[in-house]
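**Student:** Coordinates in query.cif, mmCIF, C-alpha atoms and all ligand atoms, are listed below.
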data_input
loop_
_atom_site.group_PDB
_atom_site.id
_atom_site.type_symbol
_atom_site.label_atom_id
_atom_site.label_comp_id
_atom_site.auth_asym_id
_atom_site.auth_seq_id
_atom_site.Cartn_x
_atom_site.Cartn_y
_atom_site.Cartn_z
ATOM 1 C CA MET D 88 -5.906 -30.995 -9.437
ATOM 2 C CA THR D 89 -7.665 -31.804 -6.159
ATOM 3 C CA SER D 90 -11.153 -30.443 -5.572
ATOM 4 C CA MET D 91 -11.578 -27.158 -3.705
ATOM 5 C CA PRO D 92 -13.356 -26.767 -0.384
ATOM 6 C CA LEU D 93 -16.602 -25.135 -1.399
ATOM 7 C CA ASN D 94 -17.799 -23.383 1.734
ATOM 8 C CA VAL D 95 -17.162 -19.685 2.029
ATOM 9 C CA ALA D 96 -15.414 -20.186 5.342
ATOM 10 C CA GLY D 97 -13.135 -22.886 4.033
ATOM 11 C CA THR D 98 -9.485 -22.587 3.330
ATOM 12 C CA PRO D 99 -9.363 -22.184 -0.415
ATOM 13 C CA ALA D 100 -6.273 -22.415 -2.520
ATOM 14 C CA ARG D 101 -4.066 -19.397 -2.249
ATOM 15 C CA ASP D 102 -4.793 -18.416 -5.823
ATOM 16 C CA LEU D 103 -8.585 -18.219 -5.379
ATOM 17 C CA PHE D 104 -8.393 -14.432 -5.428
ATOM 18 C CA ASP D 105 -5.867 -14.327 -8.246
ATOM 19 C CA PRO D 106 -7.724 -13.316 -11.442
ATOM 20 C CA ASP D 107 -5.298 -15.574 -13.309
ATOM 21 C CA GLY D 108 -5.882 -18.495 -10.937
ATOM 22 C CA ASP D 109 -8.366 -21.372 -11.073
ATOM 23 C CA ALA D 110 -11.429 -19.804 -12.740
ATOM 24 C CA ARG D 111 -13.762 -22.695 -11.965
ATOM 25 C CA ALA D 112 -12.895 -22.691 -8.252
ATOM 26 C CA TYR D 113 -13.475 -18.953 -8.145
ATOM 27 C CA ARG D 114 -16.864 -19.281 -9.859
ATOM 28 C CA VAL D 115 -17.997 -21.864 -7.321
ATOM 29 C CA TRP D 116 -16.778 -19.732 -4.388
ATOM 30 C CA ARG D 117 -18.406 -16.605 -5.828
ATOM 31 C CA GLU D 118 -21.796 -18.267 -6.354
ATOM 32 C CA ARG D 119 -21.820 -19.615 -2.859
ATOM 33 C CA LYS D 120 -20.690 -16.340 -1.300
ATOM 34 C CA LEU D 121 -23.460 -14.397 -3.022
ATOM 35 C CA ALA D 122 -26.088 -17.035 -2.206
ATOM 36 C CA GLU D 123 -25.176 -17.063 1.490
ATOM 37 C CA TYR D 124 -24.649 -13.327 1.967
ATOM 38 C CA PRO D 125 -27.238 -11.905 4.411
ATOM 39 C CA ARG D 126 -30.103 -9.944 2.897
ATOM 40 C CA SER D 127 -30.688 -7.560 5.782
ATOM 41 C CA THR D 128 -29.074 -6.208 8.943
ATOM 42 C CA PRO D 129 -31.196 -8.296 11.372
ATOM 43 C CA GLU D 130 -29.649 -11.444 9.848
ATOM 44 C CA LEU D 131 -26.303 -10.226 11.189
ATOM 45 C CA MET D 132 -27.425 -9.724 14.770
ATOM 46 C CA VAL D 133 -26.794 -12.069 17.668
ATOM 47 C CA THR D 134 -27.833 -11.519 21.283
ATOM 48 C CA VAL D 135 -25.333 -12.692 23.889
ATOM 49 C CA LYS D 136 -26.121 -13.089 27.591
ATOM 50 C CA ASP D 137 -22.579 -12.832 28.944
ATOM 51 C CA GLY D 138 -19.845 -11.459 26.706
ATOM 52 C CA ARG D 139 -17.193 -12.948 29.008
ATOM 53 C CA SER D 140 -18.313 -16.478 28.390
ATOM 54 C CA LEU D 141 -20.391 -17.253 25.332
ATOM 55 C CA THR D 142 -22.554 -20.359 25.119
ATOM 56 C CA ALA D 143 -21.893 -22.814 22.299
ATOM 57 C CA ALA D 144 -25.116 -21.687 20.591
ATOM 58 C CA GLU D 145 -24.104 -18.004 20.790
ATOM 59 C CA MET D 146 -20.646 -18.826 19.395
ATOM 60 C CA ASP D 147 -22.173 -20.808 16.543
ATOM 61 C CA ALA D 148 -24.583 -18.005 15.696
ATOM 62 C CA MET D 149 -21.783 -15.434 15.642
ATOM 63 C CA HIS D 150 -19.499 -17.634 13.558
ATOM 64 C CA LEU D 151 -22.280 -18.210 11.054
ATOM 65 C CA CYS D 152 -22.626 -14.438 10.503
ATOM 66 C CA LEU D 153 -18.847 -14.086 10.249
ATOM 67 C CA ARG D 154 -18.667 -16.885 7.692
ATOM 68 C CA ARG D 155 -21.396 -15.318 5.568
ATOM 69 C CA ALA D 156 -20.377 -11.667 5.752
ATOM 70 C CA ASN D 157 -17.052 -11.355 7.637
ATOM 71 C CA MET D 158 -18.954 -9.468 10.338
ATOM 72 C CA VAL D 159 -21.481 -9.854 13.120
ATOM 73 C CA ILE D 160 -23.427 -7.318 15.169
ATOM 74 C CA TYR D 161 -23.633 -8.572 18.743
ATOM 75 C CA ARG D 162 -25.808 -7.331 21.570
ATOM 76 C CA LEU D 163 -24.371 -7.976 25.020
ATOM 77 C CA GLU D 164 -27.020 -8.232 27.691
ATOM 78 C CA ASN D 165 -24.468 -7.765 30.480
ATOM 79 C CA ALA D 166 -22.517 -4.827 29.064
ATOM 80 C CA ALA D 167 -22.392 -1.918 31.431
ATOM 81 C CA GLY D 168 -20.466 1.269 30.777
ATOM 82 C CA GLU D 169 -16.908 1.559 29.585
ATOM 83 C CA ASP D 170 -15.717 -1.980 30.278
ATOM 84 C CA LYS D 171 -12.597 -2.642 28.227
ATOM 85 C CA THR D 172 -11.891 -5.923 29.981
ATOM 86 C CA LEU D 173 -15.201 -7.262 28.739
ATOM 87 C CA ILE D 174 -14.284 -6.357 25.152
ATOM 88 C CA ARG D 175 -10.899 -8.055 25.511
ATOM 89 C CA GLN D 176 -12.528 -11.171 26.882
ATOM 90 C CA LEU D 177 -15.121 -11.204 24.115
ATOM 91 C CA GLY D 178 -12.398 -10.912 21.484
ATOM 92 C CA SER D 179 -10.162 -13.567 22.972
ATOM 93 C CA GLN D 180 -12.934 -16.142 22.551
ATOM 94 C CA PHE D 181 -12.611 -15.504 18.814
ATOM 95 C CA GLY D 182 -8.821 -15.710 18.723
ATOM 96 C CA LEU D 183 -8.404 -11.927 18.837
ATOM 97 C CA GLN D 184 -5.347 -11.385 21.028
ATOM 98 C CA ARG D 185 -2.718 -9.114 19.517
ATOM 99 C CA LEU D 186 -3.969 -5.530 19.813
ATOM 100 C CA ASP D 187 -2.675 -2.866 17.457
ATOM 101 C CA ASP D 188 -0.729 -0.351 19.455
ATOM 102 C CA ASN D 189 -1.732 2.643 17.333
ATOM 103 C CA LEU D 190 -0.949 6.286 18.042
ATOM 104 C CA CYS D 191 -4.338 6.992 19.564
ATOM 105 C CA ALA D 192 -4.910 3.816 21.540
ATOM 106 C CA ASP D 193 -5.082 4.156 25.282
ATOM 107 C CA GLU D 194 -2.479 2.417 27.379
ATOM 108 C CA ASP D 195 -4.405 -0.816 27.332
ATOM 109 C CA GLY D 196 -4.460 -0.879 23.511
ATOM 110 C CA ILE D 197 -8.196 -0.221 23.201
ATOM 111 C CA THR D 198 -9.235 3.201 21.919
ATOM 112 C CA SER D 199 -12.046 5.272 23.428
ATOM 113 C CA LEU D 200 -13.713 7.128 20.558
ATOM 114 C CA ARG D 201 -15.358 10.299 21.754
ATOM 115 C CA VAL D 202 -15.415 13.843 20.457
ATOM 116 C CA VAL D 203 -12.308 15.691 21.555
ATOM 117 C CA GLU D 204 -12.538 19.476 21.501
ATOM 118 C CA GLN D 205 -9.931 21.780 20.059
ATOM 119 C CA ARG D 206 -7.824 19.370 18.082
ATOM 120 C CA GLN D 207 -5.384 20.790 15.632
ATOM 121 C CA GLU D 208 -5.479 20.959 11.871
ATOM 122 C CA GLY D 209 -5.024 17.502 10.436
ATOM 123 C CA GLU D 210 -7.107 16.055 13.243
ATOM 124 C CA TYR D 211 -8.297 12.482 13.083
ATOM 125 C CA ILE D 212 -11.926 12.431 12.037
ATOM 126 C CA PRO D 213 -12.833 9.513 14.341
ATOM 127 C CA TYR D 214 -12.471 12.018 17.199
ATOM 128 C CA THR D 215 -14.832 14.551 15.658
ATOM 129 C CA ASN D 216 -18.563 14.381 14.943
ATOM 130 C CA ARG D 217 -18.097 14.719 11.202
ATOM 131 C CA ARG D 218 -18.986 12.134 8.592
ATOM 132 C CA LEU D 219 -16.353 9.429 8.314
ATOM 133 C CA ASN D 220 -15.857 8.181 4.758
ATOM 134 C CA TRP D 221 -15.502 4.561 3.653
ATOM 135 C CA HIS D 222 -12.340 2.807 4.821
ATOM 136 C CA THR D 223 -10.872 -0.250 6.435
ATOM 137 C CA ASP D 224 -9.202 0.226 9.803
ATOM 138 C CA GLY D 225 -5.447 0.777 9.937
ATOM 139 C CA TYR D 226 -5.089 0.991 6.141
ATOM 140 C CA TYR D 227 -2.041 3.159 6.828
ATOM 141 C CA ASN D 228 -0.288 0.519 8.911
ATOM 142 C CA ALA D 229 2.934 -1.073 7.659
ATOM 143 C CA ALA D 230 2.720 -4.473 5.977
ATOM 144 C CA ASP D 231 3.734 -6.350 9.130
ATOM 145 C CA ARG D 232 1.145 -4.558 11.282
ATOM 146 C CA GLN D 233 -1.992 -5.064 9.252
ATOM 147 C CA VAL D 234 -5.290 -4.888 11.117
ATOM 148 C CA ARG D 235 -7.214 -8.075 10.360
ATOM 149 C CA GLY D 236 -9.798 -8.172 13.151
ATOM 150 C CA VAL D 237 -11.786 -5.293 14.680
ATOM 151 C CA ILE D 238 -14.315 -4.826 17.466
ATOM 152 C CA LEU D 239 -16.269 -1.579 17.610
ATOM 153 C CA HIS D 240 -18.367 -1.488 20.750
ATOM 154 C CA CYS D 241 -20.970 1.101 21.675
ATOM 155 C CA VAL D 242 -21.092 2.372 25.241
ATOM 156 C CA GLN D 243 -23.190 5.459 24.522
ATOM 157 C CA PRO D 244 -24.704 6.470 21.165
ATOM 158 C CA ALA D 245 -24.940 10.076 20.032
ATOM 159 C CA ALA D 246 -28.117 12.050 20.559
ATOM 160 C CA GLU D 247 -28.628 11.907 16.808
ATOM 161 C CA GLY D 248 -26.803 10.305 13.854
ATOM 162 C CA GLY D 249 -23.599 8.274 14.015
ATOM 163 C CA GLU D 250 -24.983 5.403 11.975
ATOM 164 C CA ASN D 251 -22.524 2.894 10.529
ATOM 165 C CA ALA D 252 -22.673 1.400 7.056
ATOM 166 C CA LEU D 253 -20.812 -1.845 6.484
ATOM 167 C CA LEU D 254 -19.800 -3.786 3.394
ATOM 168 C CA ASP D 255 -17.985 -7.117 3.306
ATOM 169 C CA HIS D 256 -14.759 -6.519 1.394
ATOM 170 C CA GLU D 257 -15.160 -9.894 -0.329
ATOM 171 C CA ILE D 258 -18.347 -8.532 -1.921
ATOM 172 C CA ALA D 259 -16.513 -5.409 -3.088
ATOM 173 C CA TYR D 260 -13.874 -7.713 -4.580
ATOM 174 C CA ILE D 261 -16.535 -9.730 -6.435
ATOM 175 C CA GLN D 262 -18.199 -6.599 -7.804
ATOM 176 C CA LEU D 263 -14.884 -5.195 -9.022
ATOM 177 C CA ARG D 264 -13.838 -8.487 -10.613
ATOM 178 C CA ASP D 265 -17.258 -8.906 -12.270
ATOM 179 C CA GLU D 266 -16.834 -5.498 -13.846
ATOM 180 C CA ASN D 267 -13.243 -5.958 -14.971
ATOM 181 C CA PRO D 268 -10.609 -8.451 -13.725
ATOM 182 C CA ASP D 269 -7.978 -5.840 -14.576
ATOM 183 C CA PHE D 270 -9.366 -3.779 -11.679
ATOM 184 C CA ILE D 271 -8.280 -6.581 -9.341
ATOM 185 C CA ARG D 272 -4.868 -6.893 -10.985
ATOM 186 C CA ALA D 273 -4.375 -3.156 -10.522
ATOM 187 C CA LEU D 274 -5.550 -3.145 -6.899
ATOM 188 C CA MET D 275 -3.343 -6.110 -6.002
ATOM 189 C CA ALA D 276 -0.212 -4.377 -7.266
ATOM 190 C CA ALA D 277 2.318 -3.616 -4.536
ATOM 191 C CA ASP D 278 2.510 0.045 -5.581
ATOM 192 C CA THR D 279 -1.207 0.746 -6.106
ATOM 193 C CA MET D 280 -1.696 2.935 -3.033
ATOM 194 C CA THR D 281 0.784 5.137 -1.250
ATOM 195 C CA VAL D 282 0.060 6.433 2.220
ATOM 196 C CA PRO D 283 1.869 9.740 2.713
ATOM 197 C CA ALA D 284 4.166 10.145 5.690
ATOM 198 C CA ASN D 285 2.509 11.334 8.885
ATOM 199 C CA ILE D 286 4.352 14.452 9.963
ATOM 200 C CA ARG D 287 3.483 16.283 13.167
ATOM 201 C CA ASP D 288 5.250 19.392 14.344
ATOM 202 C CA GLY D 289 8.004 18.732 11.810
ATOM 203 C CA ARG D 290 8.586 15.215 13.088
ATOM 204 C CA GLU D 291 7.911 12.138 10.991
ATOM 205 C CA ILE D 292 5.698 9.826 13.021
ATOM 206 C CA ARG D 293 5.182 7.345 10.214
ATOM 207 C CA PRO D 294 7.162 7.146 6.944
ATOM 208 C CA GLN D 295 5.474 7.113 3.547
ATOM 209 C CA HIS D 296 4.829 3.593 2.324
ATOM 210 C CA SER D 297 3.097 1.808 -0.549
ATOM 211 C CA GLY D 298 1.089 -1.379 -0.695
ATOM 212 C CA PRO D 299 -1.762 -3.211 -2.353
ATOM 213 C CA VAL D 300 -5.488 -2.702 -1.698
ATOM 214 C CA PHE D 301 -6.249 -6.414 -1.895
ATOM 215 C CA SER D 302 -3.899 -9.079 -0.611
ATOM 216 C CA VAL D 303 -4.195 -12.693 0.462
ATOM 217 C CA ASP D 304 -3.018 -13.776 3.906
ATOM 218 C CA ALA D 305 -1.153 -16.959 4.813
ATOM 219 C CA GLY D 306 -4.463 -18.753 5.361
ATOM 220 C CA GLY D 307 -5.706 -17.869 1.863
ATOM 221 C CA LYS D 308 -8.112 -15.200 3.123
ATOM 222 C CA LEU D 309 -8.690 -11.890 1.396
ATOM 223 C CA HIS D 310 -7.485 -8.746 3.162
ATOM 224 C CA MET D 311 -8.266 -5.182 2.121
ATOM 225 C CA ARG D 312 -6.675 -1.797 2.820
ATOM 226 C CA TYR D 313 -8.582 1.234 1.691
ATOM 227 C CA SER D 314 -9.631 4.801 2.356
ATOM 228 C CA ALA D 315 -12.039 6.775 0.186
ATOM 229 C CA ARG D 316 -10.711 10.041 1.612
ATOM 230 C CA ALA D 317 -8.652 11.531 -1.214
ATOM 231 C CA ARG D 318 -6.099 13.227 1.014
ATOM 232 C CA ASN D 319 -5.249 9.963 2.781
ATOM 233 C CA ILE D 320 -3.932 8.105 -0.247
ATOM 234 C CA VAL D 321 -1.916 8.833 -3.380
ATOM 235 C CA TRP D 322 -3.136 6.398 -5.990
ATOM 236 C CA LYS D 323 -0.913 4.979 -8.686
ATOM 237 C CA ASP D 324 -1.238 7.218 -11.685
ATOM 238 C CA ASP D 325 -2.527 4.944 -14.419
ATOM 239 C CA SER D 326 -5.871 4.614 -16.194
ATOM 240 C CA VAL D 327 -6.825 1.173 -14.826
ATOM 241 C CA THR D 328 -6.165 2.155 -11.198
ATOM 242 C CA ARG D 329 -8.152 5.362 -11.709
ATOM 243 C CA ALA D 330 -11.071 3.421 -13.227
ATOM 244 C CA ALA D 331 -10.911 0.801 -10.466
ATOM 245 C CA THR D 332 -10.998 3.342 -7.644
ATOM 246 C CA GLU D 333 -13.823 5.240 -9.321
ATOM 247 C CA TYR D 334 -15.782 2.020 -9.683
ATOM 248 C CA LEU D 335 -15.196 1.249 -6.025
ATOM 249 C CA LEU D 336 -16.501 4.675 -5.014
ATOM 250 C CA ASN D 337 -19.637 4.057 -7.046
ATOM 251 C CA LEU D 338 -20.292 0.849 -5.147
ATOM 252 C CA PHE D 339 -20.639 2.943 -2.008
ATOM 253 C CA GLN D 340 -22.769 5.658 -3.524
ATOM 254 C CA GLN D 341 -25.387 3.385 -4.972
ATOM 255 C CA ASP D 342 -28.220 2.118 -2.861
ATOM 256 C CA SER D 343 -26.489 -1.258 -2.672
ATOM 257 C CA ALA D 344 -28.327 -4.312 -1.393
ATOM 258 C CA TYR D 345 -24.978 -5.538 -0.037
ATOM 259 C CA ILE D 346 -24.473 -2.633 2.368
ATOM 260 C CA PHE D 347 -25.795 -2.976 5.913
ATOM 261 C CA ARG D 348 -26.735 0.075 7.927
ATOM 262 C CA HIS D 349 -27.026 0.143 11.675
ATOM 263 C CA ARG D 350 -26.927 2.604 14.514
ATOM 264 C CA LEU D 351 -25.327 0.872 17.464
ATOM 265 C CA LYS D 352 -27.185 0.952 20.773
ATOM 266 C CA PRO D 353 -25.543 0.708 24.207
ATOM 267 C CA GLY D 354 -24.033 -2.765 24.631
ATOM 268 C CA GLU D 355 -24.019 -3.486 20.910
ATOM 269 C CA GLY D 356 -20.964 -3.784 18.720
ATOM 270 C CA VAL D 357 -19.598 -4.936 15.413
ATOM 271 C CA MET D 358 -16.959 -7.653 15.279
ATOM 272 C CA SER D 359 -15.431 -8.087 11.850
ATOM 273 C CA ASN D 360 -12.512 -9.175 9.737
ATOM 274 C CA ASN D 361 -11.906 -5.487 9.110
ATOM 275 C CA VAL D 362 -14.691 -4.998 6.570
ATOM 276 C CA LEU D 363 -15.304 -1.725 4.754
ATOM 277 C CA HIS D 364 -17.283 0.757 6.808
ATOM 278 C CA CYS D 365 -18.212 4.397 7.213
ATOM 279 C CA ARG D 366 -20.130 6.572 9.690
ATOM 280 C CA THR D 367 -22.635 9.371 9.293
ATOM 281 C CA GLU D 368 -22.126 12.630 11.122
ATOM 282 C CA PHE D 369 -23.714 12.943 14.527
ATOM 283 C CA SER D 370 -24.621 15.409 17.220
ATOM 284 C CA ASP D 371 -24.095 14.851 20.895
ATOM 285 C CA HIS D 372 -26.410 15.800 23.714
ATOM 286 C CA PRO D 373 -25.949 19.343 25.036
ATOM 287 C CA GLU D 374 -23.118 19.791 27.498
ATOM 288 C CA GLY D 375 -23.710 17.929 30.707
ATOM 289 C CA GLY D 376 -25.605 15.162 28.908
ATOM 290 C CA PRO D 377 -24.123 11.810 27.923
ATOM 291 C CA GLN D 378 -21.566 12.006 25.096
ATOM 292 C CA ARG D 379 -21.172 9.435 22.354
ATOM 293 C CA LEU D 380 -18.589 6.841 23.362
ATOM 294 C CA LEU D 381 -17.411 3.842 21.394
ATOM 295 C CA LEU D 382 -14.599 1.457 22.224
ATOM 296 C CA ARG D 383 -12.458 0.251 19.371
ATOM 297 C CA ALA D 384 -10.100 -2.716 19.504
ATOM 298 C CA ARG D 385 -7.935 -3.441 16.472
ATOM 299 C CA TYR D 386 -6.081 -6.716 16.207
ATOM 300 C CA TYR D 387 -3.333 -8.157 14.049
ATOM 301 C CA ASP D 388 -5.268 -11.421 14.232
ATOM 302 C CA ARG D 389 -8.072 -12.425 11.963
ATOM 303 C CA ILE D 390 -11.076 -13.911 13.720
ATOM 304 C CA SER D 391 -10.457 -17.634 14.104
ATOM 305 C CA ASP D 392 -13.106 -19.946 12.749
ATOM 306 C CA PRO D 393 -13.354 -23.438 14.222
ATOM 307 C CA GLY D 394 -15.630 -24.431 11.317
ATOM 308 C CA ALA D 395 -13.202 -23.391 8.597
ATOM 309 C CA GLY D 396 -12.600 -26.074 6.045
ATOM 310 C CA ALA D 397 -15.425 -28.197 7.449
HETATM 311 FE FE FE I 401 -12.974 2.568 11.210
#
In structure tokens, how does this file's structure come out?
Ligand SMILES: [Fe+2]
**Tutor:**
Amino acid sequence: MTSMPLNVAGTPARDLFDPDGDARAYRVWRERKLAEYPRSTPELMVTVKDGRSLTAAEMDAMHLCLRRANMVIYRLENAAGEDKTLIRQLGSQFGLQRLDDNLCADEDGITSLRVVEQRQEGEYIPYTNRRLNWHTDGYYNAADRQVRGVILHCVQPAAEGGENALLDHEIAYIQLRDENPDFIRALMAADTMTVPANIRDGREIRPQHSGPVFSVDAGGKLHMRYSARARNIVWKDDSVTRAATEYLLNLFQQDSAYIFRHRLKPGEGVMSNNVLHCRTEFSDHPEGGPQRLLLRARYYDRISDPGAGA
């Protein structure tokens, strides 16, 4: 067998994430991933002068964060207000092109996240000020519309709260597999999670469908679909799946050294390969004051990495 590329950004064999695959290759990848994973939030932050046209050094710095943790927190020095074109242009420099046309996206495919008053029962929590539990974006999307890249950009933070916590899904995978490889086998099963149909006013907007939590894309990269919110998912009813999902929940509740916490400031954002994340509750300024506003762009593309396989 030929030797494996050893860098975390490389293009490993497709079976790297298969618990029954090449154990030695996995061990090498795992060691390197853990050794290179950032130790603190500041290690994930990159300041960018002009988000429309990054310098080579800024690109390199962002790619390094993405390689280590599947995410980067950027700070755009020229961001001003609700500029969706700027976010599009930033994303396109990273190969992010195909926007997810979800139910709540604005016409241009980028969603403005702000508190919307008087929504009905069954409202989407992103549009309220309540705590948002751990999830990956678009976990409910059909298999051919998976969200692989995400930009969450802050125009205006809340008066108080609204902090994000972030965890690289590759780290969650490692922790689960360390505990019990059967957890991975269970979470890779095609029927492990079922997303109930979305029915509004008696009309089915999205049919029920099942899929795996962990899957591997055509480039050999790990992809994750998940929501910790019990009402969002019907889990396969067997003891291993139950134990695996409980273990996963515990990863979030502990004071994990792998979880980054950050409250985005104006002009800052998170670009990621759809890592696990959550949000604390927040309160806005009194009426008349600035309201929290984030822009969210979800893509079918994974962030392209010119250094992959190098
Ligand atoms: Fe999200």
**Student:** Could you check the closest approach to Arg119 (chain D) for each of D:Ile271, D:Leu363, D:Ala167, D:Ile261 and tell me which residue wins, using all atoms listed in the file?
**Tutor:** D:Ile261
**Student:** Could you report the residues within 12 Å of ligand FE 401 (chain I), using only C-alpha atoms and all ligand atoms, as a PyMOL selection string?
**Tutor:** chain D and resi 198+200+211-214+218-227+234+236-240+251-253+312-315+357-367+381-385
**Student:** Can you spit out the residues from that selection as a PDB file, in the frame of the given file, using C-alpha atoms?
**Tutor:**
ATOM      1  CA  THR D 198      -9.235   3.201  21.919  1.00  0.00           C
ATOM      2  CA  LEU D 200     -13.713   7.128  20.558  1.00  0.00           C
ATOM      3  CA  TYR D 211      -8.297  12.482  13.083  1.00  0.00           C
ATOM      4  CA  ILE D 212     -11.926  12.431  12.037  1.00  0.00           C
ATOM      5  CA  PRO D 213     -12.833   9.513  14.341  1.00  0.00           C
ATOM      6  CA  TYR D 214     -12.471  12.018  17.199  1.00  0.00           C
ATOM      7  CA  ARG D 218     -18.986  12.134   8.592  1.00  0.00           C
ATOM      8  CA  LEU D 219     -16.353   9.429   8.314  1.00  0.00           C
ATOM      9  CA  ASN D 220     -15.857   8.181   4.758  1.00  0.00           C
ATOM     10  CA  TRP D 221     -15.502   4.561   3.653  1.00  0.00           C
ATOM     11  CA  HIS D 222     -12.340   2.807   4.821  1.00  0.00           C
ATOM     12  CA  THR D 223     -10.872  -0.250   6.435  1.00  0.00           C
ATOM     13  CA  ASP D 224      -9.202   0.226   9.803  1.00  0.00           C
ATOM     14  CA  GLY D 225      -5.447   0.777   9.937  1.00  0.00           C
ATOM     15  CA  TYR D 226      -5.089   0.991   6.141  1.00  0.00           C
ATOM     16  CA  TYR D 227      -2.041   3.159   6.828  1.00  0.00           C
ATOM     17  CA  VAL D 234      -5.290  -4.888  11.117  1.00  0.00           C
ATOM     18  CA  GLY D 236      -9.798  -8.172  13.151  1.00  0.00           C
ATOM     19  CA  VAL D 237     -11.786  -5.293  14.680  1.00  0.00           C
ATOM     20  CA  ILE D 238     -14.315  -4.826  17.466  1.00  0.00           C
ATOM     21  CA  LEU D 239     -16.269  -1.579  17.610  1.00  0.00           C
ATOM     22  CA  HIS D 240     -18.367  -1.488  20.750  1.00  0.00           C
ATOM     23  CA  ASN D 251     -22.524   2.894  10.529  1.00  0.00           C
ATOM     24  CA  ALA D 252     -22.673   1.400   7.056  1.00  0.00           C
ATOM     25  CA  LEU D 253     -20.812  -1.845   6.484  1.00  0.00           C
ATOM     26  CA  ARG D 312      -6.675  -1.797   2.820  1.00  0.00           C
ATOM     27  CA  TYR D 313      -8.582   1.234   1.691  1.00  0.00           C
ATOM     28  CA  SER D 314      -9.631   4.801   2.356  1.00  0.00           C
ATOM     29  CA  ALA D 315     -12.039   6.775   0.186  1.00  0.00           C
ATOM     30  CA  VAL D 357     -19.598  -4.936  15.413  1.00  0.00           C
ATOM     31  CA  MET D 358     -16.959  -7.653  15.279  1.00  0.00           C
ATOM     32  CA  SER D 359     -15.431  -8.087  11.850  1.00  0.00           C
ATOM     33  CA  ASN D 360     -12.512  -9.175   9.737  1.00  0.00           C
ATOM     34  CA  ASN D 361     -11.906  -5.487   9.110  1.00  0.00           C
ATOM     35  CA  VAL D 362     -14.691  -4.998   6.570  1.00  0.00           C
ATOM     36  CA  LEU D 363     -15.304  -1.725   4.754  1.00  0.00           C
ATOM     37  CA  HIS D 364     -17.283   0.757   6.808  1.00  0.00           C
ATOM     38  CA  CYS D 365     -18.212   4.397   7.213  1.00  0.00           C
ATOM     39  CA  ARG D 366     -20.130   6.572   9.690  1.00  0.00           C
ATOM     40  CA  THR D 367     -22.635   9.371   9.293  1.00  0.00           C
ATOM     41  CA  LEU D 381     -17.411   3.842  21.394  1.00  0.00           C
ATOM     42  CA  LEU D 382     -14.599   1.457  22.224  1.00  0.00           C
ATOM     43  CA  ARG D 383     -12.458   0.251  19.371  1.00  0.00           C
ATOM     44  CA  ALA D 384     -10.100  -2.716  19.504  1.00  0.00           C
ATOM     45  CA  ARG D 385      -7.935  -3.441  16.472  1.00  0.00           C
TER      46      ARG D 385
END
**Student:** For CA of Leu131 (chain D) and CA of Asp102 (chain D), determine how far apart the two atoms are, in Å to one decimal place.
**Tutor:**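 Between CA of Leu131 (chain D) and CA of Asp102 (chain D) the gap works out to 28.6 Å.
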**Student:** Considering only C-alpha atoms, return as a PyMOL selection string whatever protein or nucleic-acid residues lie within 10 Å of region 386-396 of chain D, sequence-local ones (same chain, fewer than 6 positions apart) excluded.
**Tutor:** chain D and resi 91-99+147+150-151+153-154+157-158+178-188+196-197+224-225+231-238+304+306+308+310+358-361
**Student:** Have a look at D:Ala246, D:Ala305, D:Cys152, D:Ala230 and name the one nearest to Ala277 (chain D); count only C-alpha atoms.
**Tutor:** D:Ala230
**Student:** Mind pulling up the distance from CA of Phe369 (chain D) to CA of Glu250 (chain D)?
**Tutor:**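 Distance reported for this atom pair: 8.1 Å.
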**Student:** Between D:Ile346, D:Ala112, D:Leu380, D:Phe104, which residue has the minimum interatomic distance to Leu263 (chain D), considering only C-alpha atoms?
**Tutor:**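 Answer, going by the shortest atom-to-atom distance: D:Phe104.
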**Student:** For Pro283 (chain D), which residue out of D:Asn228, D:Thr332, D:Ser140, D:Gln262 is the nearest one, using all atoms listed in the file?
**Tutor:**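 Result for the nearest residue to Pro283 (chain D): D:Asn228.
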**Student:** Measuring atom to atom with all atoms listed in the file, identify which of D:Arg114, D:His372, D:Lys136, D:Arg316 is nearest to Glu164 (chain D).
**Tutor:**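 Smallest separation from Glu164 (chain D) among the options: D:Lys136.
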**Student:** I need the residue nearest Glu266 (chain D) from this list: D:Val300, D:Leu335, D:Leu309, D:Ile292. Use all atoms listed in the file for the distance.
**Tutor:** D:Leu335
**Student:** Just to confirm, what's the straight-line distance from CA of Arg162 (chain D) to CA of Ala144 (chain D) in Å (one decimal)?
**Tutor:**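 We find that CA of Arg162 (chain D) and CA of Ala144 (chain D) lie 14.4 Å from each other.
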**Student:** Report as JSON the centre and the edge lengths, in Å to one decimal, of the axis-aligned box holding every listed atom of region 310-313 of chain D, padded by 3 Å on each side.
**Tutor:**
{"center_x": -7.6, "center_y": -3.8, "center_z": 2.4, "size_x": 7.9, "size_y": 16.0, "size_z": 7.5}
**Student:** Show which residues sit within 9 Å of Pro353 (chain D), as number ranges by chain. Count all atoms listed in the file, and ignore same-chain residues fewer than 4 positions away.
**Tutor:** D: 162-163, 166-168, 240-244
**Student:** Check which residues satisfy the PyMOL selection byres (((chain D and resi 247) around 7) and not hetatm) in the file shown, then give them as a ChimeraX atom specification.
**Tutor:** /D:245-246,248-249,369-371
**Student:** Using C-alpha atoms, can you write the selected residues to a file as an mmCIF file, in the coordinates of the input?
**Tutor:**
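Listing of selection_21.cif after writing:
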data_model
loop_
_atom_site.group_PDB
_atom_site.id
_atom_site.type_symbol
_atom_site.label_atom_id
_atom_site.label_comp_id
_atom_site.auth_asym_id
_atom_site.auth_seq_id
_atom_site.Cartn_x
_atom_site.Cartn_y
_atom_site.Cartn_z
ATOM 1 C CA ALA D 245 -24.940 10.076 20.032
ATOM 2 C CA ALA D 246 -28.117 12.050 20.559
ATOM 3 C CA GLY D 248 -26.803 10.305 13.854
ATOM 4 C CA GLY D 249 -23.599 8.274 14.015
ATOM 5 C CA PHE D 369 -23.714 12.943 14.527
ATOM 6 C CA SER D 370 -24.621 15.409 17.220
ATOM 7 C CA ASP D 371 -24.095 14.851 20.895
#
